[in-house]
file data13.cif (mmCIF, C-alpha atoms and all ligand atoms)
data_run
#
loop_
_atom_site.label_atom_id
_atom_site.label_comp_id
_atom_site.auth_asym_id
_atom_site.auth_seq_id
_atom_site.Cartn_x
_atom_site.Cartn_y
_atom_site.Cartn_z
CA MET A 226 0.00 0.00 0.00
CA GLY A 227 1.26 3.46 -0.88
CA ALA A 228 1.97 5.67 2.11
CA LEU A 229 0.73 9.24 2.03
CA SER A 230 3.32 11.97 2.44
CA ASN A 231 3.32 13.95 5.69
CA ALA A 232 1.94 16.97 3.85
CA GLU A 233 -0.99 14.93 2.56
CA VAL A 234 -2.04 13.79 6.03
CA GLY A 235 -1.63 17.26 7.50
CA LEU A 236 1.46 16.80 9.67
CA ARG A 237 3.67 19.81 10.35
CA SER A 238 5.98 20.87 7.59
CA THR A 239 9.73 21.47 7.92
CA THR A 240 9.03 25.09 8.83
CA GLY A 241 8.10 24.39 12.43
CA SER A 242 7.70 27.31 14.79
CA ALA A 243 11.16 27.01 16.35
CA ARG A 244 13.89 28.01 13.96
CA TYR A 245 16.77 26.62 16.03
CA PHE A 246 17.13 23.78 18.52
CA GLN A 247 19.40 25.82 20.84
CA PRO A 248 18.83 29.40 19.63
CA ASP A 249 21.16 31.14 22.10
CA ALA A 250 24.10 28.91 21.25
CA GLU A 251 23.43 28.62 17.53
CA THR A 252 23.07 32.37 16.89
CA MET A 253 25.58 33.63 19.46
CA PRO A 254 27.40 36.74 18.15
CA ARG A 255 30.90 35.73 17.05
CA GLU A 256 32.63 37.99 19.55
CA GLN A 257 30.75 36.33 22.41
CA LEU A 258 31.43 32.93 20.88
CA ALA A 259 35.18 33.70 20.82
CA ALA A 260 35.13 34.69 24.50
CA LEU A 261 33.32 31.47 25.37
CA GLN A 262 35.84 29.48 23.32
CA LEU A 263 38.81 31.08 25.05
CA GLY A 264 37.56 30.18 28.53
CA ARG A 265 36.68 26.68 27.45
CA LEU A 266 39.99 26.21 25.65
CA ARG A 267 41.89 27.04 28.82
CA ASP A 268 39.72 24.57 30.78
CA SER A 269 40.20 21.90 28.15
CA VAL A 270 44.00 22.32 28.12
CA ARG A 271 43.96 22.22 31.92
CA ASN A 272 41.89 19.03 31.85
CA ALA A 273 44.34 17.43 29.43
CA CYS A 274 47.48 18.57 31.28
CA GLU A 275 46.24 17.65 34.74
CA HIS A 276 44.88 14.23 33.87
CA VAL A 277 46.68 12.92 30.79
CA PRO A 278 50.41 12.37 31.39
CA VAL A 279 51.17 12.21 27.64
CA GLN A 280 49.52 15.57 27.04
CA ARG A 281 51.24 17.12 30.05
CA ALA A 282 54.64 15.94 28.82
CA ARG A 283 53.96 17.40 25.39
CA CYS A 284 52.78 20.72 26.74
CA ASP A 285 55.84 20.82 29.02
CA ALA A 286 58.06 20.14 26.04
CA ALA A 287 56.33 22.96 24.14
CA GLY A 288 56.84 25.18 27.20
CA ILE A 289 53.16 25.91 27.65
CA VAL A 290 50.95 25.83 30.74
CA PRO A 291 47.16 26.33 30.65
CA ASP A 292 47.38 29.86 32.09
CA ASP A 293 49.54 30.87 29.09
CA ILE A 294 46.44 30.60 26.90
CA ARG A 295 45.43 34.26 26.73
CA SER A 296 43.99 34.44 23.23
CA LEU A 297 42.67 31.97 20.70
CA ALA A 298 45.85 32.52 18.68
CA ASP A 299 47.78 30.84 21.52
CA LEU A 300 46.17 27.62 20.33
CA GLN A 301 48.95 27.46 17.75
CA GLN A 302 51.54 26.83 20.45
CA LEU A 303 49.84 23.58 21.42
CA PRO A 304 51.16 20.27 20.10
CA PHE A 305 49.12 18.28 17.57
CA THR A 306 47.43 14.99 18.43
CA LEU A 307 47.45 12.22 15.82
CA LYS A 308 45.31 9.16 15.26
CA SER A 309 48.41 7.06 15.97
CA ASP A 310 48.51 8.57 19.49
CA LEU A 311 45.25 6.78 20.26
CA ARG A 312 46.70 3.49 19.08
CA ASP A 313 50.04 4.04 20.83
CA HIS A 314 48.26 4.64 24.14
CA TYR A 315 45.68 1.89 23.67
CA PRO A 316 43.24 1.53 25.23
CA PHE A 317 42.76 4.36 27.77
CA GLY A 318 46.08 6.26 27.78
CA LEU A 319 44.63 9.54 26.46
CA PHE A 320 41.61 9.52 28.78
CA ALA A 321 41.33 12.29 31.36
CA ARG A 322 38.95 10.27 33.53
CA PRO A 323 39.37 6.85 35.12
CA CYS A 324 37.36 4.12 33.43
CA HIS A 325 34.84 3.83 36.26
CA GLU A 326 33.78 7.46 35.72
CA LEU A 327 32.88 6.85 32.08
CA ALA A 328 29.44 6.15 30.69
CA ARG A 329 30.41 4.70 27.30
CA LEU A 330 33.25 3.33 25.20
CA HIS A 331 33.30 3.22 21.41
CA ALA A 332 36.02 1.86 19.16
CA SER A 333 36.87 2.02 15.49
CA SER A 334 37.52 -1.12 13.54
CA GLY A 335 41.28 -1.16 13.28
CA THR A 336 42.09 -1.97 9.68
CA THR A 337 45.75 -1.94 10.65
CA GLY A 338 46.73 -3.03 14.14
CA LYS A 339 44.85 -2.02 17.25
CA PRO A 340 41.50 -0.27 17.18
CA THR A 341 41.20 3.32 18.38
CA VAL A 342 39.16 3.54 21.57
CA VAL A 343 37.21 6.61 22.65
CA GLY A 344 35.43 7.24 25.97
CA TYR A 345 32.61 9.48 27.14
CA THR A 346 31.31 10.69 30.50
CA ALA A 347 27.55 11.03 30.94
CA GLN A 348 28.01 14.78 30.31
CA ASP A 349 29.94 14.07 27.09
CA ILE A 350 27.09 11.85 25.89
CA SER A 351 24.58 14.55 26.76
CA ASN A 352 26.51 17.22 24.84
CA TRP A 353 26.76 14.84 21.90
CA ALA A 354 22.99 14.32 21.94
CA ASP A 355 22.48 18.10 21.97
CA LEU A 356 24.80 18.67 19.01
CA MET A 357 23.28 15.83 17.03
CA ALA A 358 19.77 17.17 17.80
CA ARG A 359 20.94 20.64 16.67
CA SER A 360 22.21 19.07 13.47
CA LEU A 361 18.97 17.18 12.80
CA HIS A 362 16.90 20.28 13.53
CA GLY A 363 19.08 22.40 11.24
CA ALA A 364 18.46 19.90 8.46
CA GLY A 365 14.70 20.26 8.95
CA ALA A 366 13.85 17.38 11.29
CA ARG A 367 11.38 18.14 14.08
CA ALA A 368 9.98 16.61 17.27
CA GLY A 369 7.46 13.93 16.40
CA ASP A 370 9.21 12.89 13.19
CA VAL A 371 9.81 9.18 12.68
CA VAL A 372 13.59 8.84 12.27
CA HIS A 373 14.68 5.66 10.50
CA ASN A 374 18.24 5.09 11.68
CA ALA A 375 20.14 2.79 9.33
CA TYR A 376 23.60 3.68 10.66
CA GLY A 377 25.30 0.67 12.19
CA TYR A 378 24.76 0.27 15.94
CA GLY A 379 27.58 -1.02 18.10
CA LEU A 380 31.13 0.17 18.58
CA PHE A 381 30.81 2.46 15.53
CA THR A 382 29.59 5.88 16.71
CA GLY A 383 27.15 6.38 13.82
CA GLY A 384 24.20 4.38 15.11
CA LEU A 385 24.08 5.46 18.74
CA GLY A 386 25.12 9.04 17.91
CA ALA A 387 22.16 9.52 15.57
CA HIS A 388 19.93 7.59 17.98
CA TYR A 389 20.55 9.76 21.03
CA GLY A 390 20.39 12.94 18.97
CA ALA A 391 17.05 12.01 17.41
CA GLU A 392 15.69 11.17 20.86
CA ARG A 393 16.94 14.48 22.26
CA LEU A 394 15.19 16.24 19.39
CA GLY A 395 11.94 14.52 20.35
CA GLY A 396 11.92 12.22 17.34
CA VAL A 397 10.47 8.74 17.17
CA VAL A 398 13.53 6.58 16.56
CA VAL A 399 13.48 3.35 14.58
CA PRO A 400 16.78 1.71 15.64
CA MET A 401 17.20 -0.29 12.45
CA SER A 402 21.02 -0.44 12.05
CA GLY A 403 22.45 -1.62 8.70
CA GLY A 404 21.48 -4.73 6.75
CA SER A 405 18.16 -6.54 6.06
CA THR A 406 17.60 -4.08 3.27
CA GLU A 407 14.21 -5.47 2.13
CA ARG A 408 12.93 -5.04 5.66
CA GLN A 409 14.32 -1.50 5.81
CA VAL A 410 12.22 -0.61 2.76
CA ALA A 411 9.06 -2.13 4.27
CA LEU A 412 9.50 -0.35 7.60
CA ILE A 413 10.29 3.02 5.99
CA MET A 414 6.95 2.71 4.18
CA ASP A 415 4.90 1.24 7.03
CA PHE A 416 6.20 3.43 9.87
CA ARG A 417 6.05 6.54 7.69
CA ALA A 418 9.60 7.65 8.39
CA ARG A 419 10.22 11.30 7.53
CA VAL A 420 13.97 11.24 8.23
CA LEU A 421 16.50 8.65 7.07
CA CYS A 422 19.95 8.44 8.70
CA ALA A 423 22.49 6.30 6.79
CA THR A 424 25.75 6.37 4.92
CA PRO A 425 25.13 7.77 1.44
CA SER A 426 26.21 4.50 -0.18
CA TYR A 427 23.76 2.54 1.96
CA ALA A 428 20.95 5.00 1.17
CA LEU A 429 21.58 4.21 -2.48
CA ALA A 430 21.49 0.47 -1.75
CA ILE A 431 18.11 0.94 -0.02
CA ALA A 432 16.81 2.84 -3.07
CA GLU A 433 17.99 0.07 -5.35
CA VAL A 434 16.33 -2.71 -3.33
CA ALA A 435 13.10 -0.69 -3.17
CA GLU A 436 13.11 -0.27 -6.95
CA ALA A 437 13.70 -4.01 -7.43
CA GLN A 438 10.72 -4.71 -5.15
CA GLY A 439 8.55 -2.32 -7.14
CA VAL A 440 8.35 0.13 -4.20
CA ASP A 441 8.61 3.80 -5.11
CA LEU A 442 10.23 5.50 -2.12
CA ARG A 443 9.54 8.86 -3.76
CA THR A 444 5.92 8.36 -2.72
CA SER A 445 6.88 7.54 0.88
CA ALA A 446 6.79 9.96 3.81
CA LEU A 447 10.58 10.39 3.61
CA GLU A 448 11.63 14.01 3.20
CA ILE A 449 15.10 14.33 4.71
CA GLY A 450 18.24 12.20 4.54
CA MET A 451 21.10 12.75 7.01
CA PHE A 452 24.09 11.22 5.25
CA GLY A 453 27.68 11.00 6.41
CA ALA A 454 30.53 8.80 7.69
CA GLU A 455 32.08 8.61 4.21
CA PRO A 456 33.03 11.26 1.65
CA TRP A 457 30.44 11.67 -1.11
CA SER A 458 30.16 13.91 -4.11
CA GLN A 459 27.54 16.45 -5.16
CA ALA A 460 26.70 14.09 -8.05
CA MET A 461 25.91 11.36 -5.52
CA ARG A 462 23.70 13.81 -3.63
CA LEU A 463 21.63 14.53 -6.74
CA GLU A 464 21.38 10.81 -7.54
CA ILE A 465 20.14 9.95 -4.03
CA GLU A 466 17.69 12.86 -3.99
CA ALA A 467 16.21 11.83 -7.31
CA ARG A 468 15.83 8.18 -6.37
CA LEU A 469 14.50 8.65 -2.84
CA GLY A 470 12.56 11.87 -3.44
CA ILE A 471 14.21 13.60 -0.47
CA LYS A 472 16.51 16.43 0.49
CA ALA A 473 19.94 14.94 1.25
CA VAL A 474 21.97 16.68 3.95
CA ASP A 475 25.68 16.23 4.64
CA ILE A 476 26.69 15.55 8.24
CA TYR A 477 30.26 15.31 9.49
CA GLY A 478 31.89 13.77 12.50
CA LEU A 479 34.60 11.45 13.69
CA SER A 480 34.77 9.29 16.76
CA GLU A 481 38.09 10.73 17.94
CA ILE A 482 36.38 14.09 18.39
CA MET A 483 32.86 12.91 19.32
CA GLY A 484 31.08 11.01 16.55
CA PRO A 485 28.47 12.30 14.08
CA GLY A 486 27.25 15.87 14.63
CA VAL A 487 30.57 17.74 14.89
CA ALA A 488 29.30 19.72 11.89
CA CYS A 489 26.20 19.58 9.73
CA GLU A 490 24.58 21.37 6.83
CA CYS A 491 21.62 23.61 7.58
CA GLU A 492 18.69 24.02 5.23
CA CYS A 493 20.80 26.40 3.07
CA ARG A 494 23.21 23.54 2.34
CA SER A 495 26.16 25.79 1.58
CA GLY A 496 28.70 24.26 3.94
CA LEU A 497 28.45 22.43 7.25
CA HIS A 498 28.12 24.48 10.43
CA GLY A 499 30.85 23.38 12.83
CA TRP A 500 29.58 23.77 16.39
CA GLU A 501 32.12 26.25 17.69
CA ASP A 502 30.88 26.41 21.28
CA HIS A 503 32.17 22.83 21.64
CA PHE A 504 35.02 22.68 19.13
CA LEU A 505 37.79 24.90 17.74
CA PHE A 506 38.43 24.42 14.03
CA GLU A 507 41.65 25.20 12.16
CA VAL A 508 42.88 24.45 8.66
CA ILE A 509 46.59 23.78 8.31
CA ASP A 510 49.05 23.00 5.58
CA PRO A 511 49.34 19.21 5.96
CA ASP A 512 53.06 19.27 5.11
CA SER A 513 54.36 22.21 7.15
CA GLY A 514 51.70 22.09 9.90
CA GLN A 515 51.30 25.88 9.60
CA PRO A 516 47.80 27.40 9.85
CA LEU A 517 46.31 28.54 6.54
CA PRO A 518 44.27 31.70 5.99
CA GLU A 519 40.49 31.31 5.98
CA GLY A 520 39.22 29.97 2.66
CA GLU A 521 42.35 28.03 1.70
CA ALA A 522 42.15 24.25 1.38
CA GLY A 523 44.11 22.18 3.85
CA GLU A 524 43.84 19.65 6.64
CA LEU A 525 41.09 20.19 9.20
CA VAL A 526 42.36 20.27 12.79
CA ILE A 527 39.90 20.16 15.70
CA THR A 528 40.35 20.91 19.40
CA THR A 529 37.59 19.83 21.75
CA LEU A 530 36.40 22.50 24.20
CA THR A 531 34.02 20.60 26.48
CA LYS A 532 34.98 16.92 26.29
CA GLN A 533 35.64 15.60 29.79
CA ALA A 534 36.75 12.02 29.14
CA LEU A 535 38.86 12.52 26.03
CA PRO A 536 40.03 16.12 25.58
CA MET A 537 41.68 16.43 22.18
CA LEU A 538 44.25 19.12 21.55
CA ARG A 539 44.64 20.03 17.87
CA TYR A 540 43.58 16.65 16.51
CA ARG A 541 44.68 16.19 12.91
CA THR A 542 41.62 14.78 11.12
CA ARG A 543 43.40 14.12 7.82
CA ASP A 544 40.28 15.49 6.13
CA ILE A 545 40.97 18.05 3.43
CA THR A 546 38.59 21.00 3.34
CA ARG A 547 38.17 24.79 3.63
CA ILE A 548 36.33 26.86 6.20
CA THR A 549 34.43 30.17 6.07
CA THR A 550 33.14 32.45 8.81
CA ALA A 551 30.98 34.43 6.37
CA PRO A 552 27.39 34.81 7.65
CA CYS A 553 24.95 32.07 6.56
CA ASP A 554 21.42 32.87 5.41
CA CYS A 555 20.02 30.61 8.15
CA GLY A 556 21.15 33.05 10.85
CA ARG A 557 23.48 30.64 12.60
CA THR A 558 26.78 32.31 13.43
CA HIS A 559 28.98 29.21 13.57
CA LEU A 560 31.58 28.82 10.83
CA ARG A 561 31.01 26.52 7.89
CA ILE A 562 33.23 23.68 6.76
CA LEU A 563 33.00 23.31 3.03
CA ARG A 564 32.37 19.87 1.66
CA VAL A 565 35.12 17.43 2.64
CA THR A 566 36.76 16.33 -0.61
CA GLY A 567 38.44 13.34 0.90
CA ARG A 568 40.70 12.09 3.60
CA ASN A 569 44.44 12.36 3.23
CA ASP A 570 44.73 8.59 3.73
CA ASP A 571 42.37 7.96 0.80
CA MET A 572 44.34 10.10 -1.60
CA LEU A 573 45.79 8.20 -4.52
CA ILE A 574 48.84 9.41 -6.37
CA ILE A 575 48.38 8.26 -9.91
CA ARG A 576 51.38 9.08 -12.09
CA GLY A 577 52.15 12.12 -9.95
CA VAL A 578 48.56 13.40 -9.85
CA ASN A 579 46.77 13.55 -6.48
CA VAL A 580 43.31 12.06 -6.81
CA TYR A 581 40.53 11.47 -4.27
CA PRO A 582 38.03 8.69 -4.95
CA SER A 583 35.22 11.26 -4.61
CA GLN A 584 36.59 13.14 -7.65
CA ILE A 585 36.22 10.01 -9.74
CA GLU A 586 32.80 9.40 -8.21
CA ALA A 587 31.73 12.87 -9.36
CA VAL A 588 32.45 11.83 -12.95
CA LEU A 589 30.82 8.41 -12.70
CA VAL A 590 27.56 9.18 -10.94
CA GLY A 591 24.86 10.38 -13.28
CA ARG A 592 26.68 9.37 -16.49
CA PRO A 593 24.44 7.67 -19.02
CA ARG A 594 24.60 3.86 -19.38
CA ILE A 595 26.31 3.26 -16.02
CA ALA A 596 24.91 2.72 -12.50
CA PRO A 597 26.29 4.64 -9.47
CA HIS A 598 28.13 1.62 -8.05
CA TYR A 599 31.90 1.53 -8.35
CA GLN A 600 35.21 0.47 -6.86
CA LEU A 601 38.73 1.62 -7.63
CA VAL A 602 41.38 -1.07 -7.79
CA VAL A 603 44.91 0.23 -7.24
CA GLU A 604 47.91 -1.83 -8.32
CA ARG A 605 51.63 -1.23 -8.53
CA ARG A 606 53.22 -1.94 -11.89
CA GLY A 607 56.93 -1.26 -11.78
CA LYS A 608 57.24 2.07 -10.02
CA LEU A 609 53.85 3.41 -11.06
CA ASP A 610 50.41 3.07 -9.54
CA HIS A 611 47.66 2.00 -11.91
CA VAL A 612 43.98 2.45 -11.23
CA THR A 613 41.22 0.33 -12.66
CA ILE A 614 37.72 1.70 -12.26
CA GLU A 615 35.21 -1.09 -11.87
CA VAL A 616 31.78 0.27 -12.57
CA GLU A 617 28.41 -1.31 -13.28
CA ALA A 618 26.46 -0.95 -16.47
CA ALA A 619 22.97 0.46 -15.96
CA PRO A 620 20.21 -2.16 -16.19
CA GLY A 621 19.15 -2.73 -19.80
CA VAL A 622 22.49 -1.78 -21.35
CA ASP A 623 23.53 -4.52 -23.77
CA ALA A 624 26.78 -6.31 -22.89
CA SER A 625 27.98 -5.80 -26.47
CA SER A 626 28.30 -2.08 -25.77
CA TYR A 627 30.36 -2.41 -22.55
CA GLY A 628 33.58 -1.70 -24.48
CA ASP A 629 32.11 1.51 -25.81
CA VAL A 630 30.86 2.51 -22.33
CA SER A 631 34.31 1.81 -20.90
CA ARG A 632 36.03 4.09 -23.43
CA ASP A 633 33.49 6.83 -22.75
CA VAL A 634 34.08 6.67 -18.97
CA ALA A 635 37.89 6.58 -19.32
CA HIS A 636 37.74 9.59 -21.63
CA HIS A 637 35.66 11.64 -19.18
CA VAL A 638 37.79 10.70 -16.16
CA LYS A 639 40.89 11.72 -18.11
CA SER A 640 39.44 15.05 -19.17
CA MET A 641 37.82 15.95 -15.83
CA VAL A 642 40.23 14.51 -13.25
CA GLY A 643 43.38 14.44 -15.38
CA VAL A 644 44.41 10.83 -14.86
CA THR A 645 44.54 7.82 -17.14
CA THR A 646 42.63 4.81 -15.82
CA ASN A 647 41.47 1.46 -17.09
CA VAL A 648 37.72 1.05 -16.92
CA HIS A 649 36.14 -2.34 -16.43
CA VAL A 650 32.38 -2.33 -16.98
CA LYS A 651 30.61 -5.04 -15.01
CA ALA A 652 27.09 -6.40 -15.24
CA PRO A 653 24.36 -4.98 -12.94
CA GLY A 654 24.71 -6.28 -9.37
CA GLU A 655 28.38 -7.32 -9.63
CA ILE A 656 29.84 -4.53 -7.48
CA PRO A 657 29.40 -5.33 -3.75
CA ARG A 658 26.77 -3.16 -2.00
CA SER A 659 27.67 -1.55 1.31
CA GLN A 660 25.59 -1.78 4.46
CA GLY A 661 27.68 0.86 6.21
CA LYS A 662 30.79 2.60 5.04
CA ALA A 663 31.37 1.76 1.40
CA VAL A 664 34.65 0.20 0.30
CA ARG A 665 35.58 2.51 -2.57
CA VAL A 666 39.21 1.48 -3.00
CA ARG A 667 40.71 -2.00 -3.21
CA ASP A 668 44.39 -1.43 -2.71
CA LEU A 669 46.44 -4.33 -4.11
CA ARG A 670 49.78 -2.55 -3.76
CA PRO A 671 52.38 -4.33 -1.66
CA LYS A 672 52.18 -3.21 1.98
CA GLY A 673 54.89 -0.84 3.14
CA ALA A 674 56.08 -0.17 -0.41
ZN ZN B 1 23.30 27.93 7.83
#
call {"tool": "encode", "arguments": {"input": "data13.cif", "output": "structure tokens"}}
result
Amino acid sequence: MGALSNAEVGLRSTTGSARYFQPDAETMPREQLAALQLGRLRDSVRNACEHVPVQRARCDAAGIVPDDIRSLADLQQLPFTLKSDLRDHYPFGLFARPCHELARLHASSGTTGKPTVVGYTAQDISNWADLMARSLHGAGARAGDVVHNAYGYGLFTGGLGAHYGAERLGGVVVPMSGGSTERQVALIMDFRARVLCATPSYALAIAEVAEAQGVDLRTSALEIGMFGAEPWSQAMRLEIEARLGIKAVDIYGLSEIMGPGVACECECRSGLHGWEDHFLFEVIDPDSGQPLPEGEAGELVITTLTKQALPMLRYRTRDITRITTAPCDCGRTHLRILRVTGRNDDMLIIRGVNVYPSQIEAVLVGRPRIAPHYQLVVERRGKLDHVTIEVEAAPGVDASSYGDVSRDVAHHVKSMVGVTTNVHVKAPGEIPRSQGKAVRVRDLRPKGA
């Protein structure tokens, strides 16, 4: 049975009476915000230095004590923290609270070596819920909305982060997690979900399964998608919006800093508001470590201002982006992080050209005769890296024309990204579908080479 849209059954529209979830914080004048940040920065440095021996030793070595922090510019004297620090001090070495004072532990799947473990006090969890609720509200979600949460639950922060935020907002949460895609489609229709939380690649997998079942999700109650946890292109946004009949919103976060909700697009969708009352954002030159002027692309560095359990000083995210403090039409005063192009670790160097998988995605998605499912296979031949793009033909495209499709794709990747690739067109359904974070790159290069 076809579900009616929320508008058809007379439920509130996205323009609810309250414009902001936390109006005072979200629209705080920037001067006041800076004063708040300075006080919190000093507290956060004190928390780290008093309770984390590693951080104290580093601050000592840099010759800085918390009381030296007299302006936000003094931030630049602080040492960086790297992802490897979390591994090197596994599991709790960077925590500023003993384990029995924590309320939650999360951990990332360690693809190489030990996982990275992050901890939260009850207050940290509460702040996280607030910021995630702010993010959902900014994207147009409101109390009473059914929120279908297809982020993975468990040690990954995506599922529980979205869950607590949607509850804090006053939403009706469907704690679906990833997988059982047919069932996801049925429940989205039957429970009349207005908001979908998922990775963008999994949202696309849900759309595909729905289409195969003859279910048109464009007629469902879904209106908003909160998509994150992997880089995705504007082309992918348009594809998802067309197939699900929704507005797709980009949300950013990382477990080392908090989890989802560190930054999120508002309804203007011209950059992601980074919540500056809880975090300090910098962009640095990834090679020299020097701060870059506003607007220049570089590595995003985040310092936590309120985290009790795991205060992070100048954490290098490895995400490449730009920031702007220009006013946003929504009235929020917090800076905006422009779309994250990719993570430093994901960058491929193909014959001397730096390429992010999302740049190739931008060429693939929406091209005629191919479906938006792809993987990049990287191999070493001699001294050079070679990339093969495996991409699926769109349903109905005759196998006899795959060679022609392949040449067309290779030509467009060459002219738009500037690299030569092999393109292998596969039959529909042959590229693995993700249920969480998509595997975009299969790296067959020898390890440590
Ligand atoms: Zn805005």
call {"tool": "closest_residue", "arguments": {"input": "data13.cif", "among": "A:Arg670, A:His388, A:His362, A:Arg594", "to": "ligand ZN 1 (chain B)", "atoms": "only C-alpha atoms and all ligand atoms"}}
result
A:His362
call {"tool": "residues_around", "arguments": {"input": "data13.cif", "residues": "stretch 401-403 of chain A", "least_positions_apart": "2", "cutoff": "6 Å", "atoms": "all atoms listed in the file", "output": "list in words"}}
result
Asn374, Ala375, Tyr376, Gly377, Tyr378, Val399 and Gln660 of chain A
call {"tool": "closest_atom_pairs", "arguments": {"input": "data13.cif", "of": "chain A", "to": "ligand ZN 1 (chain B)", "cutoff": "10 Å", "atoms": "all atoms listed in the file", "output": "JSON lines"}}
result
{"residue": "A:Glu251", "atom": "CA", "partner": "B:ZN1", "partner_atom": "ZN", "distance": 9.7}
{"residue": "A:Gly363", "atom": "CA", "partner": "B:ZN1", "partner_atom": "ZN", "distance": 7.7}
{"residue": "A:Ala364", "atom": "CA", "partner": "B:ZN1", "partner_atom": "ZN", "distance": 9.4}
{"residue": "A:Cys489", "atom": "CA", "partner": "B:ZN1", "partner_atom": "ZN", "distance": 9.0}
{"residue": "A:Glu490", "atom": "CA", "partner": "B:ZN1", "partner_atom": "ZN", "distance": 6.8}
{"residue": "A:Cys491", "atom": "CA", "partner": "B:ZN1", "partner_atom": "ZN", "distance": 4.6}
{"residue": "A:Glu492", "atom": "CA", "partner": "B:ZN1", "partner_atom": "ZN", "distance": 6.6}
{"residue": "A:Cys493", "atom": "CA", "partner": "B:ZN1", "partner_atom": "ZN", "distance": 5.6}
{"residue": "A:Arg494", "atom": "CA", "partner": "B:ZN1", "partner_atom": "ZN", "distance": 7.0}
{"residue": "A:Ser495", "atom": "CA", "partner": "B:ZN1", "partner_atom": "ZN", "distance": 7.2}
{"residue": "A:Gly496", "atom": "CA", "partner": "B:ZN1", "partner_atom": "ZN", "distance": 7.6}
{"residue": "A:Leu497", "atom": "CA", "partner": "B:ZN1", "partner_atom": "ZN", "distance": 7.6}
{"residue": "A:His498", "atom": "CA", "partner": "B:ZN1", "partner_atom": "ZN", "distance": 6.5}
{"residue": "A:Pro552", "atom": "CA", "partner": "B:ZN1", "partner_atom": "ZN", "distance": 8.0}
{"residue": "A:Cys553", "atom": "CA", "partner": "B:ZN1", "partner_atom": "ZN", "distance": 4.6}
{"residue": "A:Asp554", "atom": "CA", "partner": "B:ZN1", "partner_atom": "ZN", "distance": 5.8}
{"residue": "A:Cys555", "atom": "CA", "partner": "B:ZN1", "partner_atom": "ZN", "distance": 4.2}
{"residue": "A:Gly556", "atom": "CA", "partner": "B:ZN1", "partner_atom": "ZN", "distance": 6.3}
{"residue": "A:Arg557", "atom": "CA", "partner": "B:ZN1", "partner_atom": "ZN", "distance": 5.5}
{"residue": "A:Thr558", "atom": "CA", "partner": "B:ZN1", "partner_atom": "ZN", "distance": 7.9}
{"residue": "A:His559", "atom": "CA", "partner": "B:ZN1", "partner_atom": "ZN", "distance": 8.2}
{"residue": "A:Leu560", "atom": "CA", "partner": "B:ZN1", "partner_atom": "ZN", "distance": 8.9}
{"residue": "A:Arg561", "atom": "CA", "partner": "B:ZN1", "partner_atom": "ZN", "distance": 7.8}
call {"tool": "atom_distance", "arguments": {"input": "data13.cif", "atom1": "atom CA of A:Ala418", "atom2": "atom CA of A:Asp370"}}
result
7.1 Å
call {"tool": "closest_atom_pairs", "arguments": {"input": "data13.cif", "of": "stretch 381-435 of chain A", "to": "stretch 312-334 of chain A", "cutoff": "12 Å", "atoms": "all atoms listed in the file", "output": "Markdown table"}}
result
| residue | atom | partner | partner_atom | distance |
| --- | --- | --- | --- | --- |
| A:Phe381 | CA | A:Ser333 | CA | 6.1 |
| A:Thr382 | CA | A:His331 | CA | 6.6 |
| A:Gly383 | CA | A:His331 | CA | 10.3 |
| A:Gly384 | CA | A:His331 | CA | 11.1 |
| A:Leu385 | CA | A:His331 | CA | 9.9 |
| A:Gly386 | CA | A:His331 | CA | 10.6 |
call {"tool": "closest_residue", "arguments": {"input": "data13.cif", "among": "A:Arg564, A:Arg658, A:Lys532, A:Arg443", "to": "A:Arg547", "atoms": "all atoms listed in the file"}}
result
A:Arg564
call {"tool": "atom_distance", "arguments": {"input": "data13.cif", "atom1": "atom CA of A:Pro304", "atom2": "atom CA of A:Ala488"}}
result
23.4 Å
call {"tool": "closest_residue", "arguments": {"input": "data13.cif", "among": "A:Met414, A:Ile595, A:Leu505, A:Lys339", "to": "A:Val440", "atoms": "only C-alpha atoms"}}
result
A:Met414
call {"tool": "residues_around", "arguments": {"input": "data13.cif", "residues": "stretch 276-289 of chain A", "least_positions_apart": "4", "cutoff": "12 Å", "atoms": "all atoms listed in the file", "output": "VMD selection string"}}
result
chain A and resid 267 to 272 293 to 295 299 to 307 310 to 311 313 to 314 317 to 323 533 to 539
call {"tool": "atom_distance", "arguments": {"input": "data13.cif", "atom1": "atom CA of A:Ala423", "atom2": "atom CA of A:Gly344"}}
result
23.2 Å
call {"tool": "residues_near_point", "arguments": {"input": "data13.cif", "point": "(15.2, 14.0, 21.2)", "cutoff": "12 Å", "atoms": "all atoms listed in the file", "output": "PyMOL selection string"}}
result
chain A and resi 246+351+353-362+366-372+386-398
